[in-house]
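Have a look at the structure below, then the notes.
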Protein chains: 2
Amino acid sequence: MRAAFMFGAGDVRIEQIPDPVLREPTDALVRIVRSCICGSDLHPYHNLPDTPGGTPMGHEFIGVVEDIGTSVATIRTGDFVIAPFAWSDGTCEFCREGLQTSCLHGGFWAAGGIGGGQAEAIRVPLADGTLVKAPATEDSALLPSLLTLSDVYGTGYHAAKRANVTAGDTVAVIGDGAVGLLAVLSAKQLGAERIILMGRHKVRTNLGVEFGATDVVPERGDEGIARVRELTGGHGVPKVLEAVGHMPAYEQAVGIVRPGGVISRVGVPQYEEAAVGFGSLFGPNITLTGGPAPVRAYIEELLPAVLDGTVEPGKVFDRTVGLDEVPDGYRAMDQREALKVLVRP
Amino acid sequence: MRAAFMFGAGDVRIEQIPDPVLREPTDALVRIVRSCICGSDLHPYHNLPDTPGGTPMGHEFIGVVEDIGTSVATIRTGDFVIAPFAWSDGTCEFCREGLQTSCLHGGFWAAGGIGGGQAEAIRVPLADGTLVKAPATEDSALLPSLLTLSDVYGTGYHAAKRANVTAGDTVAVIGDGAVGLLAVLSAKQLGAERIILMGRHKVRTNLGVEFGATDVVPERGDEGIARVRELTGGHGVPKVLEAVGHMPAYEQAVGIVRPGGVISRVGVPQYEEAAVGFGSLFGPNITLTGGPAPVRAYIEELLPAVLDGTVEPGKVFDRTVGLDEVPDGYRAMDQREALKVLVRP
């Protein structure tokens with residue numbers, strides 16, 4: 001089969017590799033119907049050192065189960081399934097608490113001998129815990145929206161849940177990528193009354209407004225902070241959802257958060273150290289929360305509104321490519337020609 | 001009157017200064033019945049640059065109202081009052097939300113023209129918002145416990161509240177100073193089932209056990225982390241209360257916290273930057289919270305159990321000095337001869 005591999009910064013190629021096979025009795029084989037390229041895939045696209053053997057790519061996919069291991073109990077061949085971006089057993093103490101990204105026996109796609117989602121098929125470990133069945137077919141118009149449940153929608157939702165967004169809240173979202181826009185949608189679903197979207201790409205922020213943003217702030221840095229404070233009576237925003245991961249976004253969050261408020265991060269931090277002392281988080285009693293979203297915990301909750309069309313998170317996809325065009329999909333996202341690229345293997 | 005001033009690191013003196021007078025119609029004058037020396041007073045005791053004019057000291061006191069300004073409505077001359085370590089108007093949006101440390105018109109003792117608590121008397125701004133009346137007299141045996149409501153008890157309680165400690169919880173407290181010990185007491189009051197106290201001063205940890213600690217871990221660093229993980233099935237503690245403020249305590253907290261857990265800081269950070277990236281807070285979805293405790297918000301809630309003797313937070317005081325002996329009180333606390341020094345002006 002064909003699968004995308006990255007061999008170094010900017011070097012994505014489609015390789016012919018052996019078809020995946022069942023290895024463990026808890027495995028399932030899934031033929032991938034749709035996958036996509038993630039904003040977080042751009043980090044290795046910028047930084048990956050030369051990797052002669054290549055590293056598989058992609059961690060978001062929906063598909064059809066082609067075969068199952070002997071101990072798989074809840075998933076059947078022929079099922080249409082959504083895969084969260086982390087695989088997990090569904091039974092350990094962390095899974096039971098809804099923190100499947102910390103599953104004691106789980107892991108992530110495209111690592112440790114598990115393939116990536118930008119491929120024709122994939123071996124899914126711990127299929128019972130990992131996969132979620134959905135009442136969909138391969139020709140459904142809902143495929144893009146269903147695919148967002150693999151990562152970006154659940155990740156935006158995690159930002160809002162961790163910030164405890166509730167009815168009537170004022171929320172700011174930093175970042176107009178797919179996760180930021182779906183954090184807007186999530187905040188809206190959770191009842192936020194005012195949603196300030198910080199982003200400067202008009203096409204994207206327009207979609208953000210469609211998803212529920214009430215204000216758009218294109219300014220960055222001190223100017224952006226001043227603008228948000230001006231919009232919020234001078235004291236800042238009680239709940240800030242940070243969907244970028246770079247240090248300027250963190251600084252922006254600290255700059256606009258209201259005393260006693262929350263900064264909820266879902267952009268993968270591209271830094272390890274940051275300001276948390278008296279002058280930033282401690283003095284004004286700011287809470288810093290978030291992390292990799294346990295999207296598995298949210299799929300069942302978010303699915304109904306996707307199925308009945310109440311929400312259309314799939315609008316974040318603005319380009320569709322075949323597997324062979326995946327390298328150009330990376331280029332297009334990197335150059336901001338495309339917001340998020342859907343892959344039809 | 002006499003009042004304590006610090007003129008540089010290690011240099012505390014008792015000075016004769018003019019008696020405080022009412023300046024604003026919202027002021028009250030309070031004769032101080034008891035005050036004390038705080039662990040946080042030791043930071044300037046170590047670091048204060050030479051300050052020829054001296055800086056007033058002390059932010060914890062209880063006393064009797066001697067006079068009130070013309071617009072003070074709820075406090076009367078003769079009232080016995082508890083003063084929180086921040087003064088506040090009680091009416092702004094932050095005060096109404098219980099975050100009096102961020103009061104729009106408030107401030108802190110011993111700063112900006114307001115005197116310190118290690119003195120015979122003090123001018124209290126915004127008396128209606130700041131002071132809490134208590135049914136006590138100057139000869140009450142409860143004075144030490146009442147005084148802890150000024151800071152250390154409310155601060156320990158804030159750590160536990162911000163970590164959302166509830167019935168059945170497993171909690172770790174880092175630090176066996178007065179705040180750490182009262183964080184133990186607070187966690188116990190909130191229903192924590194297991195309370196691991198990290199501290200190595202036997203006399204103090206013994207008091208911690210009396211307050212409710214179920215385990216004491218004297219080890220520090222990697223050894224301490226390993227010990228706590230061993231006590232908690234390998235995965236760490238869901239709720240960590242950090243009552244020290246130095247970087248090793250932060251690292252300890254990150255080392256022992258369970259994925260999905262909370263680190264609640266009330267020790268004033270002696271650092272500005274710290275690890276918060278994928279390898280520390282983000283990857284395991286750790287929440288970092290806490291800050292200066294709005295103890296004003298907690299006094300009414302904590303007072304009844306103090307008055308009826310259910311709790312005795314005043315046990316953290318193990319030495320009493322007169323005002324003239326305050327300099328020696330600092331020395332004793334700094335050399336760990338005393339846990340916390342009560343001052344009888």
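Each chain of the structure tokens is named A, B, ... in the order shown, its residues numbered from 1; ligands are numbered from 1 in display order.
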
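Within stretch 2-62 of chain A, residues classed as alpha helix (DSSP H) by DSSP on backbone coordinates are Leu42, His43, Pro44, Tyr45, His46 and Asn47 of chain A.
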
Could you list, as a list in words, the residues of chain A having an atom within 6 Å of chain B when counting only C-alpha atoms?
Pro269, Tyr271, Glu272, Glu273, Ala274, Ala275, Val276, Gly277, Phe282, Gly283, Asn285, Thr287, Leu288, Thr289, Gly290 and Gly291 of chain A

Output of the above residues as an mmCIF file, in the first residue's frame, restricted to N, CA, C and O atoms:
```
data_model
loop_
_atom_site.group_PDB
_atom_site.id
_atom_site.type_symbol
_atom_site.label_atom_id
_atom_site.label_comp_id
_atom_site.auth_asym_id
_atom_site.auth_seq_id
_atom_site.Cartn_x
_atom_site.Cartn_y
_atom_site.Cartn_z
ATOM 1 N N PRO A 269 3.020 23.053 23.029
ATOM 2 C CA PRO A 269 4.015 24.088 23.326
ATOM 3 C C PRO A 269 5.345 23.805 22.614
ATOM 4 O O PRO A 269 5.898 22.720 22.735
ATOM 5 N N TYR A 271 7.943 25.308 23.459
ATOM 6 C CA TYR A 271 8.860 25.837 24.463
ATOM 7 C C TYR A 271 8.702 24.935 25.674
ATOM 8 O O TYR A 271 7.702 24.232 25.807
ATOM 9 N N GLU A 272 9.699 24.922 26.537
ATOM 10 C CA GLU A 272 9.529 24.164 27.783
ATOM 11 C C GLU A 272 9.348 25.118 28.960
ATOM 12 O O GLU A 272 8.473 24.934 29.784
ATOM 13 N N GLU A 273 10.132 26.180 29.024
ATOM 14 C CA GLU A 273 10.032 27.122 30.142
ATOM 15 C C GLU A 273 9.166 28.336 29.766
ATOM 16 O O GLU A 273 9.181 28.770 28.614
ATOM 17 N N ALA A 274 8.454 28.852 30.716
ATOM 18 C CA ALA A 274 7.665 30.062 30.471
ATOM 19 C C ALA A 274 7.451 30.788 31.789
ATOM 20 O O ALA A 274 7.685 30.226 32.870
ATOM 21 N N ALA A 275 6.979 32.014 31.700
ATOM 22 C CA ALA A 275 6.755 32.833 32.890
ATOM 23 C C ALA A 275 5.532 32.329 33.655
ATOM 24 O O ALA A 275 4.442 32.184 33.084
ATOM 25 N N VAL A 276 5.719 32.036 34.947
ATOM 26 C CA VAL A 276 4.623 31.544 35.798
ATOM 27 C C VAL A 276 4.674 32.175 37.186
ATOM 28 O O VAL A 276 3.927 31.772 38.075
ATOM 29 N N GLY A 277 5.575 33.163 37.380
ATOM 30 C CA GLY A 277 5.819 33.692 38.721
ATOM 31 C C GLY A 277 4.833 34.770 39.140
ATOM 32 O O GLY A 277 3.720 34.865 38.604
ATOM 33 N N PHE A 282 1.040 33.923 39.053
ATOM 34 C CA PHE A 282 0.791 33.792 40.490
ATOM 35 C C PHE A 282 0.061 35.002 41.078
ATOM 36 O O PHE A 282 -0.985 34.848 41.724
ATOM 37 N N GLY A 283 0.604 36.183 40.842
ATOM 38 C CA GLY A 283 0.040 37.397 41.455
ATOM 39 C C GLY A 283 -1.460 37.528 41.232
ATOM 40 O O GLY A 283 -2.220 37.726 42.174
ATOM 41 N N ASN A 285 -3.556 35.200 40.459
ATOM 42 C CA ASN A 285 -4.284 33.930 40.658
ATOM 43 C C ASN A 285 -4.809 33.343 39.338
ATOM 44 O O ASN A 285 -5.975 32.935 39.233
ATOM 45 N N THR A 287 -5.036 30.444 36.519
ATOM 46 C CA THR A 287 -4.899 28.990 36.384
ATOM 47 C C THR A 287 -4.439 28.666 34.968
ATOM 48 O O THR A 287 -4.979 29.195 33.996
ATOM 49 N N LEU A 288 -3.419 27.786 34.878
ATOM 50 C CA LEU A 288 -2.923 27.319 33.587
ATOM 51 C C LEU A 288 -3.296 25.851 33.454
ATOM 52 O O LEU A 288 -2.951 25.037 34.315
ATOM 53 N N THR A 289 -4.011 25.501 32.394
ATOM 54 C CA THR A 289 -4.448 24.127 32.260
ATOM 55 C C THR A 289 -4.362 23.688 30.802
ATOM 56 O O THR A 289 -3.862 24.423 29.958
ATOM 57 N N GLY A 290 -4.819 22.486 30.529
ATOM 58 C CA GLY A 290 -4.817 21.976 29.156
ATOM 59 C C GLY A 290 -3.727 20.947 28.921
ATOM 60 O O GLY A 290 -2.960 20.598 29.820
ATOM 61 N N GLY A 291 -3.667 20.484 27.687
ATOM 62 C CA GLY A 291 -2.719 19.444 27.307
ATOM 63 C C GLY A 291 -3.252 18.744 26.070
ATOM 64 O O GLY A 291 -4.228 19.206 25.453
#
```

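In this model, the gap between atom CA of A:Asp67 and atom CA of A:Gly117 comes to 17.0 Å.
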
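Distance check against A:Leu323 using only C-alpha atoms: of A:Ala83, A:Leu149, A:Met57, A:Val244, the minimum falls on A:Met57.
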
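Secondary structure by DSSP on the backbone puts the following residues of stretch 81-168 of chain B in strand (DSSP E or B): Val81, Ile82, Ala83, Ala86, Trp87, Gly107, Phe108, Ala119, Ala121, Ile122, Arg123, Val124, Val132 and Lys133 of chain B.
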
Quick one: everything within 8 Å of A:Ile174, counting only C-alpha atoms, minus sequence neighbours fewer than 3 positions away in the same chain. Send it as a short mmCIF file (atom, residue, chain, number, x, y, z; two decimals) with C-alpha atoms, in the first residue's frame.
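Result file is part_33.cif:
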```cif
data_model
loop_
_atom_site.label_atom_id
_atom_site.label_comp_id
_atom_site.auth_asym_id
_atom_site.auth_seq_id
_atom_site.Cartn_x
_atom_site.Cartn_y
_atom_site.Cartn_z
CA GLY A 180 -8.68 27.65 17.25
CA LEU A 197 -11.05 35.40 18.23
CA MET A 198 -7.46 36.55 17.88
CA GLY A 199 -6.30 35.85 14.33
CA VAL A 240 -8.46 32.17 27.34
CA LEU A 241 -8.11 29.22 24.96
CA GLU A 242 -4.59 29.06 23.49
CA ALA A 243 -4.55 27.07 20.23
CA VAL A 244 -1.15 27.90 18.78
CA ALA A 249 0.75 33.00 21.94
CA GLN A 252 -0.58 36.93 24.53
CA ALA A 253 -2.63 34.67 26.80
#
```

Tell me, as a PyMOL selection string, which residues lie within 8 Å of B:Ile114, counting only C-alpha atoms; anything in the same chain fewer than 5 positions away does not count.
chain B and resi 108-109+123-124

What lies within 12 Å of B:Gln335 using only C-alpha atoms, ignoring chain neighbours under 2 positions off, as a PDB file with C-alpha atoms, in the first residue's frame?
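Generated output (out05.pdb):
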```
ATOM      1  CA  GLY B  10      18.982  40.748  58.431  1.00  0.00           C
ATOM      2  CA  GLY B  39       7.605  32.899  56.458  1.00  0.00           C
ATOM      3  CA  LEU B  42      12.092  35.950  55.597  1.00  0.00           C
ATOM      4  CA  TYR B  45      15.214  39.271  55.582  1.00  0.00           C
ATOM      5  CA  HIS B  46      17.514  37.477  53.124  1.00  0.00           C
ATOM      6  CA  ASP B 328      15.211  38.199  67.590  1.00  0.00           C
ATOM      7  CA  GLY B 329      11.975  36.601  66.392  1.00  0.00           C
ATOM      8  CA  TYR B 330      13.164  37.004  62.789  1.00  0.00           C
ATOM      9  CA  ARG B 331      16.495  35.447  63.734  1.00  0.00           C
ATOM     10  CA  ALA B 332      14.775  32.515  65.425  1.00  0.00           C
ATOM     11  CA  MET B 333      12.522  31.821  62.470  1.00  0.00           C
ATOM     12  CA  GLU B 337      14.511  27.626  66.059  1.00  0.00           C
ATOM     13  CA  ALA B 338      10.898  28.737  65.808  1.00  0.00           C
ATOM     14  CA  LEU B 339       8.183  27.634  63.366  1.00  0.00           C
ATOM     15  CA  LYS B 340       6.163  30.830  63.681  1.00  0.00           C
TER      16      LYS B 340
END
```

If we count only C-alpha atoms, what is near A:Met1 at a cut-off of 6 Å, once residues fewer than 5 positions away on the same chain are taken out, given as an NGL selection string?
:A and (16-17 or 19)
